[in-house]
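S.K.: Next comes the structure file work.csv, holding CSV, C-alpha atoms and all ligand atoms.
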```csv
chain,number,residue,atom,x,y,z
A,1,MET,CA,130.8,75.0,74.4
A,2,ALA,CA,131.7,77.2,77.5
A,3,ILE,CA,129.1,79.6,78.7
A,4,ALA,CA,130.5,83.1,79.2
A,5,PRO,CA,130.7,84.0,82.9
A,6,LEU,CA,128.2,86.8,83.6
A,7,LYS,CA,128.7,87.3,87.3
A,8,LYS,CA,130.6,90.6,87.8
A,9,MET,CA,129.2,91.3,91.2
A,10,SER,CA,127.1,89.6,93.9
A,11,VAL,CA,124.2,91.7,95.2
A,12,PRO,CA,122.1,90.1,97.9
A,13,ILE,CA,118.3,90.8,98.2
A,14,THR,CA,118.9,92.6,101.6
A,15,LYS,CA,121.3,93.1,104.4
A,16,PRO,CA,120.3,94.3,107.9
A,17,ALA,CA,121.6,97.8,108.7
A,18,LEU,CA,123.5,97.0,111.8
A,19,THR,CA,126.6,98.9,113.0
A,20,GLU,CA,129.1,98.7,115.9
A,21,GLU,CA,126.6,100.5,118.0
A,22,GLU,CA,124.0,97.7,117.7
A,23,ALA,CA,126.9,95.2,118.3
A,24,HIS,CA,127.7,96.8,121.6
A,25,ALA,CA,124.1,97.6,122.6
A,26,PRO,CA,123.4,94.4,124.6
A,27,TYR,CA,126.5,94.7,126.7
A,28,ASP,CA,124.8,96.3,129.7
A,29,SER,CA,122.0,93.7,129.7
A,30,ILE,CA,124.5,90.9,129.5
A,31,LYS,CA,126.7,92.3,132.2
A,32,SER,CA,123.7,92.9,134.5
A,33,GLY,CA,122.6,89.2,134.1
A,34,TRP,CA,119.0,90.4,133.3
A,35,VAL,CA,118.8,89.0,129.7
A,36,THR,CA,115.1,88.1,129.4
A,37,GLN,CA,112.3,90.6,129.2
A,38,GLY,CA,112.9,93.5,131.6
A,39,PRO,CA,113.8,97.2,131.6
A,40,LYS,CA,115.2,97.3,128.0
A,41,VAL,CA,112.0,95.8,126.6
A,42,ALA,CA,109.9,98.3,128.5
A,43,GLU,CA,112.1,101.1,127.1
A,44,PHE,CA,111.9,99.8,123.6
A,45,GLU,CA,108.1,99.5,123.8
A,46,LYS,CA,107.9,103.2,124.9
A,47,ALA,CA,110.2,104.3,122.1
A,48,VAL,CA,108.2,102.4,119.4
A,49,ALA,CA,104.9,103.6,120.8
A,50,ALA,CA,106.1,107.2,120.9
A,51,TYR,CA,107.5,106.9,117.4
A,52,VAL,CA,104.3,105.7,115.8
A,53,GLY,CA,102.0,107.8,118.0
A,54,ALA,CA,100.3,105.1,120.0
A,55,LYS,CA,99.7,104.9,123.7
A,56,HIS,CA,101.2,101.4,124.2
A,57,GLY,CA,103.7,99.0,122.7
A,58,VAL,CA,103.7,95.3,123.6
A,59,ALA,CA,106.8,93.6,122.4
A,60,THR,CA,106.7,90.0,121.2
A,61,THR,CA,109.1,87.4,119.8
A,62,SER,CA,107.9,88.0,116.2
A,63,CYS,CA,105.2,89.6,114.2
A,64,THR,CA,103.6,86.2,113.8
A,65,THR,CA,103.3,85.7,117.6
A,66,GLY,CA,102.2,89.4,117.9
A,67,LEU,CA,99.4,88.7,115.5
A,68,HIS,CA,98.3,85.6,117.4
A,69,LEU,CA,98.5,87.5,120.6
A,70,ALA,CA,96.5,90.4,119.2
A,71,LEU,CA,93.7,88.0,118.1
A,72,ALA,CA,93.8,86.0,121.3
A,73,THR,CA,93.5,89.2,123.3
A,74,ILE,CA,90.3,90.1,121.6
A,75,GLY,CA,89.0,86.6,122.2
A,76,ILE,CA,89.1,85.2,118.6
A,77,GLY,CA,88.6,81.5,118.6
A,78,PRO,CA,86.9,78.4,117.0
A,79,GLY,CA,83.7,79.3,115.2
A,80,ASP,CA,84.9,82.9,114.4
A,81,GLU,CA,85.9,84.1,110.9
A,82,VAL,CA,88.7,86.5,110.3
A,83,ILE,CA,89.2,88.1,106.9
A,84,VAL,CA,92.8,88.5,105.6
A,85,PRO,CA,94.3,89.0,102.1
A,86,SER,CA,95.7,85.8,100.6
A,87,PHE,CA,98.4,88.0,98.9
A,88,THR,CA,100.6,88.1,102.0
A,89,PHE,CA,103.3,86.1,103.7
A,90,ILE,CA,101.7,82.9,105.1
A,91,ALA,CA,102.3,84.1,108.7
A,92,SER,CA,99.3,86.5,108.5
A,93,ALA,CA,96.8,83.6,107.9
A,94,ASN,CA,98.7,81.2,110.1
A,95,ALA,CA,98.2,83.5,113.1
A,96,ILE,CA,94.4,83.2,112.6
A,97,LEU,CA,94.6,79.4,112.3
A,98,TYR,CA,96.5,79.2,115.6
A,99,THR,CA,93.4,80.6,117.4
A,100,GLY,CA,91.2,77.9,115.9
A,101,ALA,CA,89.3,80.5,113.9
A,102,THR,CA,88.4,80.2,110.2
A,103,VAL,CA,90.6,82.0,107.6
A,104,VAL,CA,88.5,83.9,105.0
A,105,PHE,CA,90.7,85.2,102.2
A,106,CYS,CA,90.0,88.4,100.4
A,107,GLU,CA,91.2,90.0,97.2
A,108,VAL,CA,93.7,92.8,96.8
A,109,ASP,CA,93.8,96.0,94.8
A,110,PRO,CA,96.0,95.3,91.7
A,111,ARG,CA,98.0,98.6,92.1
A,112,THR,CA,98.6,98.8,95.9
A,113,PHE,CA,98.6,95.0,96.5
A,114,ASN,CA,96.7,95.7,99.7
A,115,ALA,CA,93.2,94.5,100.7
A,116,ASP,CA,90.4,95.8,98.6
A,117,PRO,CA,87.9,97.3,101.1
A,118,ALA,CA,84.9,96.5,98.8
A,119,ASP,CA,85.9,92.9,98.6
A,120,ILE,CA,86.4,92.7,102.4
A,121,GLU,CA,82.8,93.9,102.9
A,122,ARG,CA,81.4,91.3,100.4
A,123,ARG,CA,83.0,88.5,102.5
A,124,ILE,CA,81.6,89.6,105.9
A,125,THR,CA,79.2,87.1,107.5
A,126,LYS,CA,77.5,86.8,110.9
A,127,LYS,CA,80.6,84.8,112.0
A,128,THR,CA,83.1,87.5,111.0
A,129,LYS,CA,84.8,88.8,114.2
A,130,ALA,CA,87.9,90.6,112.9
A,131,LEU,CA,89.6,92.0,109.8
A,132,MET,CA,93.3,91.6,109.3
A,133,PRO,CA,94.4,94.0,106.6
A,134,VAL,CA,98.1,93.9,105.6
A,135,ASP,CA,100.4,96.8,104.8
A,136,GLN,CA,102.1,94.9,102.1
A,137,ILE,CA,105.8,95.4,101.2
A,138,GLY,CA,105.9,98.6,103.2
A,139,LEU,CA,102.8,100.4,102.0
A,140,GLY,CA,100.0,101.2,104.4
A,141,CYS,CA,96.6,99.8,103.4
A,142,ASP,CA,93.5,102.1,103.2
A,143,ILE,CA,92.9,101.8,106.9
A,144,ASP,CA,90.2,104.5,107.2
A,145,ALA,CA,88.0,102.6,104.7
A,146,ILE,CA,88.7,99.3,106.5
A,147,ASN,CA,88.0,100.8,110.0
A,148,ASP,CA,84.8,102.2,108.7
A,149,ILE,CA,83.6,98.8,107.5
A,150,ALA,CA,84.6,97.3,110.8
A,151,LYS,CA,82.7,99.9,112.7
A,152,ARG,CA,79.5,99.5,110.7
A,153,HIS,CA,79.6,95.7,111.2
A,154,GLY,CA,80.7,95.9,114.9
A,155,ILE,CA,83.9,93.9,114.3
A,156,ASP,CA,87.6,94.4,115.3
A,157,VAL,CA,90.7,95.3,113.2
A,158,VAL,CA,94.2,93.9,113.6
A,159,GLU,CA,96.5,95.6,111.1
A,160,ASP,CA,99.4,93.4,110.0
A,161,ALA,CA,102.1,96.1,109.5
A,162,ALA,CA,105.0,93.7,109.5
A,163,PRO,CA,107.0,95.6,106.8
A,164,THR,CA,105.7,99.1,107.5
A,165,ILE,CA,107.3,100.7,110.5
A,166,GLY,CA,107.8,104.4,109.7
A,167,GLY,CA,105.2,104.4,106.9
A,168,THR,CA,102.4,106.9,107.0
A,169,TYR,CA,98.7,107.0,106.1
A,170,LYS,CA,97.1,110.4,105.6
A,171,GLY,CA,100.0,112.0,107.5
A,172,ARG,CA,99.6,109.7,110.5
A,173,ARG,CA,102.2,107.0,111.2
A,174,VAL,CA,101.2,103.4,110.7
A,175,GLY,CA,100.7,102.0,114.1
A,176,SER,CA,98.4,104.7,115.3
A,177,ASN,CA,95.4,104.0,113.1
A,178,ALA,CA,93.9,100.6,114.0
A,179,HIS,CA,92.7,99.1,117.2
A,180,GLN,CA,95.8,97.0,117.2
A,181,THR,CA,98.8,97.1,114.7
A,182,VAL,CA,101.5,94.6,114.7
A,183,PHE,CA,105.1,95.1,113.4
A,184,SER,CA,108.0,92.8,112.6
A,185,PHE,CA,111.6,93.2,113.5
A,186,HIS,CA,112.9,90.3,111.4
A,187,PRO,CA,116.2,91.1,109.5
A,188,ARG,CA,114.3,91.5,106.2
A,189,LYS,CA,112.5,94.5,107.7
A,190,VAL,CA,113.6,98.2,107.8
A,191,ILE,CA,114.8,97.8,111.4
A,192,THR,CA,115.6,94.6,113.2
A,193,THR,CA,116.1,92.9,116.6
A,194,GLY,CA,117.1,89.6,115.0
A,195,GLU,CA,113.6,88.3,115.4
A,196,GLY,CA,110.9,90.3,117.2
A,197,GLY,CA,107.6,92.0,116.9
A,198,MET,CA,105.4,94.6,118.6
A,199,ILE,CA,101.7,95.4,119.0
A,200,THR,CA,100.8,99.0,119.2
A,201,THR,CA,97.4,100.2,120.6
A,202,ASP,CA,95.7,103.0,122.4
A,203,ASP,CA,93.6,100.6,124.4
A,204,ASP,CA,94.8,100.4,128.0
A,205,ALA,CA,92.9,97.2,128.9
A,206,LEU,CA,93.9,95.5,125.8
A,207,ALA,CA,97.6,96.3,126.3
A,208,ASP,CA,97.4,95.0,129.9
A,209,LYS,CA,95.8,91.8,128.7
A,210,ALA,CA,98.4,91.3,125.8
A,211,ARG,CA,101.2,91.8,128.3
A,212,ARG,CA,99.7,89.2,130.6
A,213,LEU,CA,99.0,86.7,127.9
A,214,ARG,CA,102.5,86.9,126.3
A,215,ALA,CA,103.9,85.7,129.7
A,216,HIS,CA,101.8,82.6,130.3
A,217,ALA,CA,99.0,84.9,131.7
A,218,MET,CA,101.0,85.0,134.9
A,219,SER,CA,99.4,87.4,137.5
A,220,VAL,CA,102.7,89.0,138.4
A,221,SER,CA,105.6,89.8,136.0
A,222,ASP,CA,109.1,88.2,136.4
A,223,LEU,CA,110.5,91.7,137.0
A,224,ASP,CA,108.0,92.6,139.7
A,225,ARG,CA,108.6,89.2,141.5
A,226,HIS,CA,112.3,89.9,141.3
A,227,LYS,CA,112.0,93.4,142.8
A,228,ALA,CA,109.5,92.4,145.5
A,229,ASP,CA,110.7,92.4,149.2
A,230,ARG,CA,108.5,89.4,150.0
A,231,PRO,CA,107.8,86.1,148.2
A,232,ILE,CA,105.0,86.4,145.7
A,233,LEU,CA,103.1,83.3,144.5
A,234,GLU,CA,101.8,84.1,141.0
A,235,GLU,CA,98.5,82.8,139.7
A,236,TYR,CA,97.4,81.6,136.2
A,237,HIS,CA,93.7,82.3,135.4
A,238,GLU,CA,93.7,81.8,131.7
A,239,LEU,CA,95.8,80.2,128.9
A,240,GLY,CA,98.8,82.2,127.9
A,241,PHE,CA,101.9,81.9,125.8
A,242,ASN,CA,105.6,82.6,126.0
A,243,TYR,CA,106.0,85.4,123.5
A,244,ARG,CA,108.5,87.5,125.4
A,245,MET,CA,111.1,89.5,123.6
A,246,THR,CA,114.5,89.5,125.4
A,247,ASP,CA,116.3,92.6,126.8
A,248,ILE,CA,119.2,91.6,124.5
A,249,GLN,CA,117.0,92.1,121.5
A,250,ALA,CA,115.4,95.2,122.8
A,251,SER,CA,118.8,96.8,123.4
A,252,ILE,CA,119.5,96.4,119.7
A,253,GLY,CA,116.0,97.7,118.9
A,254,LEU,CA,116.6,100.9,120.9
A,255,VAL,CA,119.5,101.8,118.6
A,256,GLN,CA,117.6,100.8,115.5
A,257,ILE,CA,114.5,102.9,116.2
A,258,ARG,CA,116.7,105.9,116.7
A,259,ARG,CA,118.2,105.3,113.3
A,260,LEU,CA,114.8,104.6,111.6
A,261,ASP,CA,114.2,108.0,110.0
A,262,GLU,CA,117.7,108.0,108.4
A,263,LEU,CA,117.3,104.4,107.2
A,264,LEU,CA,113.9,105.3,105.6
A,265,ARG,CA,115.4,108.4,103.9
A,266,ILE,CA,118.1,106.2,102.3
A,267,ARG,CA,115.7,103.5,101.3
A,268,VAL,CA,113.3,106.0,99.7
A,269,ALA,CA,116.2,107.6,97.8
A,270,LYS,CA,117.3,104.2,96.4
A,271,ALA,CA,113.7,103.3,95.5
A,272,ASP,CA,113.3,106.6,93.7
A,273,ARG,CA,116.4,105.9,91.7
A,274,TYR,CA,115.0,102.5,90.6
A,275,THR,CA,111.7,104.1,89.7
A,276,ARG,CA,113.5,106.8,87.6
A,277,GLU,CA,115.9,104.5,85.8
A,278,LEU,CA,113.4,101.7,85.1
A,279,ALA,CA,110.5,104.0,84.1
A,280,ASP,CA,111.0,103.5,80.4
A,281,LEU,CA,110.9,99.7,80.5
A,282,LYS,CA,107.6,98.7,78.8
A,283,LYS,CA,107.2,95.3,80.3
A,284,VAL,CA,107.6,96.4,83.9
A,285,ARG,CA,105.5,98.4,86.3
A,286,THR,CA,107.3,100.0,89.2
A,287,PRO,CA,105.6,100.4,92.7
A,288,TYR,CA,102.6,102.6,93.0
A,289,THR,CA,102.2,104.8,96.1
A,290,PRO,CA,98.7,106.3,96.5
A,291,PRO,CA,98.5,109.9,97.6
A,292,TYR,CA,97.4,109.0,101.1
A,293,ALA,CA,100.6,107.0,102.0
A,294,THR,CA,104.4,107.0,102.2
A,295,HIS,CA,106.2,103.8,101.5
A,296,THR,CA,108.9,102.3,103.7
A,297,TYR,CA,110.2,100.2,100.8
A,298,GLN,CA,110.9,97.2,102.9
A,299,SER,CA,111.3,95.7,99.4
A,300,TYR,CA,111.2,97.1,95.9
A,301,CYS,CA,108.6,95.2,94.0
A,302,LEU,CA,108.4,95.0,90.2
A,303,ASP,CA,105.3,93.8,88.3
A,304,PHE,CA,105.8,92.3,84.9
A,305,ASP,CA,103.5,91.9,82.0
A,306,ARG,CA,102.6,88.5,80.7
A,307,SER,CA,105.4,88.5,78.1
A,308,VAL,CA,108.0,88.1,80.9
A,309,ASP,CA,108.7,84.7,82.3
A,310,ARG,CA,109.3,85.8,85.9
A,311,ASP,CA,110.8,82.6,87.2
A,312,ASP,CA,113.2,82.4,84.2
A,313,LEU,CA,114.2,86.0,84.7
A,314,MET,CA,115.0,85.3,88.4
A,315,ALA,CA,117.3,82.4,87.3
A,316,ARG,CA,119.0,84.6,84.7
A,317,LEU,CA,119.6,87.4,87.2
A,318,LEU,CA,120.9,84.9,89.7
A,319,ARG,CA,123.5,83.8,87.1
A,320,ARG,CA,124.6,87.4,87.0
A,321,GLY,CA,124.9,87.5,90.8
A,322,VAL,CA,121.7,89.5,91.4
A,323,ALA,CA,119.5,87.9,94.1
A,324,THR,CA,115.7,88.4,93.7
A,325,ARG,CA,112.6,86.9,95.3
A,326,ARG,CA,109.1,86.2,94.1
A,327,GLY,CA,106.9,89.2,95.0
A,328,VAL,CA,104.3,88.0,97.4
A,329,MET,CA,102.7,84.6,97.7
A,330,ALA,CA,99.1,83.6,97.2
A,331,SER,CA,98.5,81.9,100.6
A,332,HIS,CA,95.3,80.2,99.5
A,333,LEU,CA,97.2,78.1,96.9
A,334,GLU,CA,99.5,76.6,99.5
A,335,LYS,CA,98.6,73.0,100.5
A,336,VAL,CA,98.0,74.0,104.1
A,337,TYR,CA,95.2,76.3,103.0
A,338,ARG,CA,94.0,74.4,100.0
A,339,ASP,CA,93.1,71.6,102.4
A,340,ARG,CA,91.4,73.9,104.8
A,341,VAL,CA,89.6,76.6,102.9
A,342,GLY,CA,89.0,74.7,99.6
A,343,LYS,CA,88.7,76.5,96.3
A,344,VAL,CA,88.5,80.3,96.4
A,345,SER,CA,88.4,82.6,93.5
A,346,LEU,CA,91.1,85.3,93.8
A,347,PRO,CA,92.2,86.1,90.2
A,348,ILE,CA,94.1,89.3,91.0
A,349,THR,CA,96.0,87.6,93.8
A,350,GLU,CA,96.9,84.6,91.6
A,351,GLU,CA,98.0,86.9,88.7
A,352,LYS,CA,100.1,89.1,91.0
A,353,ALA,CA,101.7,86.1,92.7
A,354,ARG,CA,102.9,85.1,89.3
A,355,SER,CA,103.9,88.5,87.9
A,356,THR,CA,105.7,90.2,90.8
A,357,MET,CA,109.4,90.1,91.8
A,358,LEU,CA,111.5,91.8,94.5
A,359,ILE,CA,114.9,93.2,93.6
A,360,PRO,CA,117.8,94.1,96.0
A,361,LEU,CA,117.2,97.1,98.2
A,362,PHE,CA,118.9,97.8,101.5
A,363,ALA,CA,120.4,100.9,103.2
A,364,THR,CA,124.0,99.9,102.7
A,365,MET,CA,123.6,99.0,99.0
A,366,THR,CA,126.3,101.0,97.1
A,367,ASP,CA,125.6,103.0,94.0
A,368,ASP,CA,127.7,100.6,92.0
A,369,GLU,CA,125.7,97.6,93.3
A,370,GLN,CA,122.4,99.4,92.3
A,371,SER,CA,123.8,100.3,88.9
A,372,TYR,CA,124.7,96.7,88.4
A,373,VAL,CA,121.1,95.6,89.3
A,374,ILE,CA,119.6,98.1,86.9
A,375,GLU,CA,122.0,97.2,84.1
A,376,SER,CA,121.4,93.5,84.6
A,377,LEU,CA,117.7,93.9,84.5
A,378,ARG,CA,117.7,96.1,81.4
A,379,GLU,CA,120.0,93.6,79.6
A,380,GLU,CA,117.9,90.6,80.6
A,381,LEU,CA,114.7,92.3,79.5
A,382,GLY,CA,116.3,93.2,76.2
A,383,ALA,CA,116.1,96.9,76.8
A,384,ALA,CA,119.8,97.9,77.0
A,401,LIG,C1,103.0,90.8,105.9
A,401,LIG,C2,103.8,89.9,106.9
A,401,LIG,N1,103.1,89.5,108.0
A,401,LIG,C3,103.8,88.8,108.9
A,401,LIG,C4,105.1,88.5,108.8
A,401,LIG,C5,105.8,87.6,109.8
A,401,LIG,O1,106.8,88.4,110.5
A,401,LIG,P1,107.8,87.6,111.6
A,401,LIG,O2,108.8,87.0,110.7
A,401,LIG,O3,108.3,88.7,112.4
A,401,LIG,O4,106.9,86.6,112.3
A,401,LIG,C6,105.8,88.9,107.7
A,401,LIG,C7,107.2,88.6,107.5
A,401,LIG,O5,107.8,88.7,106.4
A,401,LIG,C8,105.1,89.7,106.7
A,401,LIG,O6,105.7,90.1,105.6
```
What would the structure in this file look like if it were written as structure tokens?
M.R.:
Amino acid sequence: MAIAPLKKMSVPITKPALTEEEAHAPYDSIKSGWVTQGPKVAEFEKAVAAYVGAKHGVATTSCTTGLHLALATIGIGPGDEVIVPSFTFIASANAILYTGATVVFCEVDPRTFNADPADIERRITKKTKALMPVDQIGLGCDIDAINDIAKRHGIDVVEDAAPTIGGTYKGRRVGSNAHQTVFSFHPRKVITTGEGGMITTDDDALADKARRLRAHAMSVSDLDRHKADRPILEEYHELGFNYRMTDIQASIGLVQIRRLDELLRIRVAKADRYTRELADLKKVRTPYTPPYATHTYQSYCLDFDRSVDRDDLMARLLRRGVATRRGVMASHLEKVYRDRVGKVSLPITEEKARSTMLIPLFATMTDDEQSYVIESLREELGAA
């Protein structure tokens, strides 16, 4: 018996918001021949730092390398413990592992999906050197509470804000509230440079050190050597990395950061429409935004009750042409961490990793595409 074709439209999970302007942006860098890290990266760092309200921006090749660099810059290494939610993309924990430090997973709040400050505090030991809260899916974590815990215990904070550029916390932009904050410019994020990341901080010495370490800890930058009127023999005093963003990427980023507010406005309007039109569905909880924050909606995350088989729903929606993704993973359940950290009890994380799902949201999504997603969801959940 033939199965009736259901696919009337194809809606991807996301599309980067790139225009002709971004396509032409790297032209000057390419024509000049200076395509690696140079003046455009410096300009992009200033633009992002000014946007978020931080003193410095330090561009990197990704948020993952930015997180590693942020931890390396404050001297995290073997024997140290860093607390991070398990309910996050695996990159957060991986960055800790790169330093040789021990990953200590904490629990999240079931409504915000962000680190639960009380649970963080319970997991602090004499070896804890840093906290890595995550601003999950585009919602800032309760950073004042987390900074307060860190201050009382004399430890550092590196905020993983991969999806949250443009989000606010108590009226302040994410990126200006922790000792170091790290953003991602991967194409799934609100703005993109292809791949890319940035640390923002108010700490002059830290920014200097991060800039040095991202370029093999070279004592003189490439650009300064290039501009010098005499040969300069650089020195290497410590172990560094190659985490340099290119001027080609930064040229695109400069256009994207100018468009960020408009892109956020569009995303929030689309997210509000989902929230309105899915509000009556009994088996689904739409995203919660606490009064202290504004959401960037890097993704729109639904949370289902136990009567819904999420994986089956994803398959049925895909048959209709609607792409979805699981919400967020439970990092501690992945083999790489099972082998390293052993058994940990994180019931909320495990529950939410099973019950959450992302649906398409991107700035260029048409009203018809969004109507199709809503209609497909309602029909599949038996609520037409
Ligand atoms: C919370 C979180 N941290 C880190 C990353 C890694 O970002 P990147 O791909 O720029 O390394 C992501 C990417 O999705 C993320 O969502």
S.K.: Quick one: distance from CA of Ser176 in chain A to CA of Tyr288 in chain A in Å, one decimal?
M.R.: 22.8 Å
S.K.: Could you jot down the CA of Asp280 in chain A to CA of Tyr372 in chain A separation for me, Å, one decimal place?
M.R.: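 About the pair CA of Asp280 in chain A and CA of Tyr372 in chain A: they are 17.3 Å apart.
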S.K.: Which residues, written as a PyMOL selection string, have at least one atom at most 10 Å from range 198-207 of chain A, with all atoms listed in the file counted and residues fewer than 3 positions away on the same chain left out?
M.R.: chain A and resi 44-45+48-50+52-67+69-70+73-74+158-162+174-185+210-213+245
S.K.: Could you write out that same residue set with C-alpha atoms as a short mmCIF file (atom, residue, chain, number, x, y, z; two decimals), keeping the file's coordinate frame?
M.R.:
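So the final result, stored in selection.cif, reads:
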```cif
data_model
loop_
_atom_site.label_atom_id
_atom_site.label_comp_id
_atom_site.auth_asym_id
_atom_site.auth_seq_id
_atom_site.Cartn_x
_atom_site.Cartn_y
_atom_site.Cartn_z
CA PHE A 44 111.90 99.80 123.60
CA GLU A 45 108.10 99.50 123.80
CA VAL A 48 108.20 102.40 119.40
CA ALA A 49 104.90 103.60 120.80
CA ALA A 50 106.10 107.20 120.90
CA VAL A 52 104.30 105.70 115.80
CA GLY A 53 102.00 107.80 118.00
CA ALA A 54 100.30 105.10 120.00
CA LYS A 55 99.70 104.90 123.70
CA HIS A 56 101.20 101.40 124.20
CA GLY A 57 103.70 99.00 122.70
CA VAL A 58 103.70 95.30 123.60
CA ALA A 59 106.80 93.60 122.40
CA THR A 60 106.70 90.00 121.20
CA THR A 61 109.10 87.40 119.80
CA SER A 62 107.90 88.00 116.20
CA CYS A 63 105.20 89.60 114.20
CA THR A 64 103.60 86.20 113.80
CA THR A 65 103.30 85.70 117.60
CA GLY A 66 102.20 89.40 117.90
CA LEU A 67 99.40 88.70 115.50
CA LEU A 69 98.50 87.50 120.60
CA ALA A 70 96.50 90.40 119.20
CA THR A 73 93.50 89.20 123.30
CA ILE A 74 90.30 90.10 121.60
CA VAL A 158 94.20 93.90 113.60
CA GLU A 159 96.50 95.60 111.10
CA ASP A 160 99.40 93.40 110.00
CA ALA A 161 102.10 96.10 109.50
CA ALA A 162 105.00 93.70 109.50
CA VAL A 174 101.20 103.40 110.70
CA GLY A 175 100.70 102.00 114.10
CA SER A 176 98.40 104.70 115.30
CA ASN A 177 95.40 104.00 113.10
CA ALA A 178 93.90 100.60 114.00
CA HIS A 179 92.70 99.10 117.20
CA GLN A 180 95.80 97.00 117.20
CA THR A 181 98.80 97.10 114.70
CA VAL A 182 101.50 94.60 114.70
CA PHE A 183 105.10 95.10 113.40
CA SER A 184 108.00 92.80 112.60
CA PHE A 185 111.60 93.20 113.50
CA ALA A 210 98.40 91.30 125.80
CA ARG A 211 101.20 91.80 128.30
CA ARG A 212 99.70 89.20 130.60
CA LEU A 213 99.00 86.70 127.90
CA MET A 245 111.10 89.50 123.60
#
```
S.K.: Pick from A:Thr36, A:Thr193, A:Thr125, A:Thr286: nearest to ligand LIG 401 (chain A), with all atoms listed in the file counted?
M.R.: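 Ranking A:Thr36, A:Thr193, A:Thr125, A:Thr286 by distance to ligand LIG 401 (chain A), first place goes to A:Thr193.
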S.K.: Determine the nearest neighbour of ligand LIG 401 (chain A) from the options A:Gly321, A:Gly166, A:Gly138, A:Gly197, counting only C-alpha atoms and all ligand atoms.
M.R.: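 Of all the options, A:Gly197 lies closest to ligand LIG 401 (chain A).
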S.K.: Could you list as a list in words every residue that has an atom within 12 Å of (104.3, 89.2, 82.8), using the file's coordinates and counting all atoms listed in the file?
M.R.: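 The residues that fall inside the cut-off are Lys282, Lys283, Val284, Arg285, Leu302, Asp303, Phe304, Asp305, Arg306, Ser307, Val308, Asp309, Arg310, Asp311, Asp312, Leu313, Glu351, Lys352, Ala353, Arg354, Ser355, Thr356, Met357 and Leu381 of chain A.
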S.K.: Could you jot down the CA of Thr88 in chain A to CA of Val41 in chain A separation for me, Å, one decimal place?
M.R.: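 Spanning CA of Thr88 in chain A to CA of Val41 in chain A is a straight-line distance of 28.2 Å.
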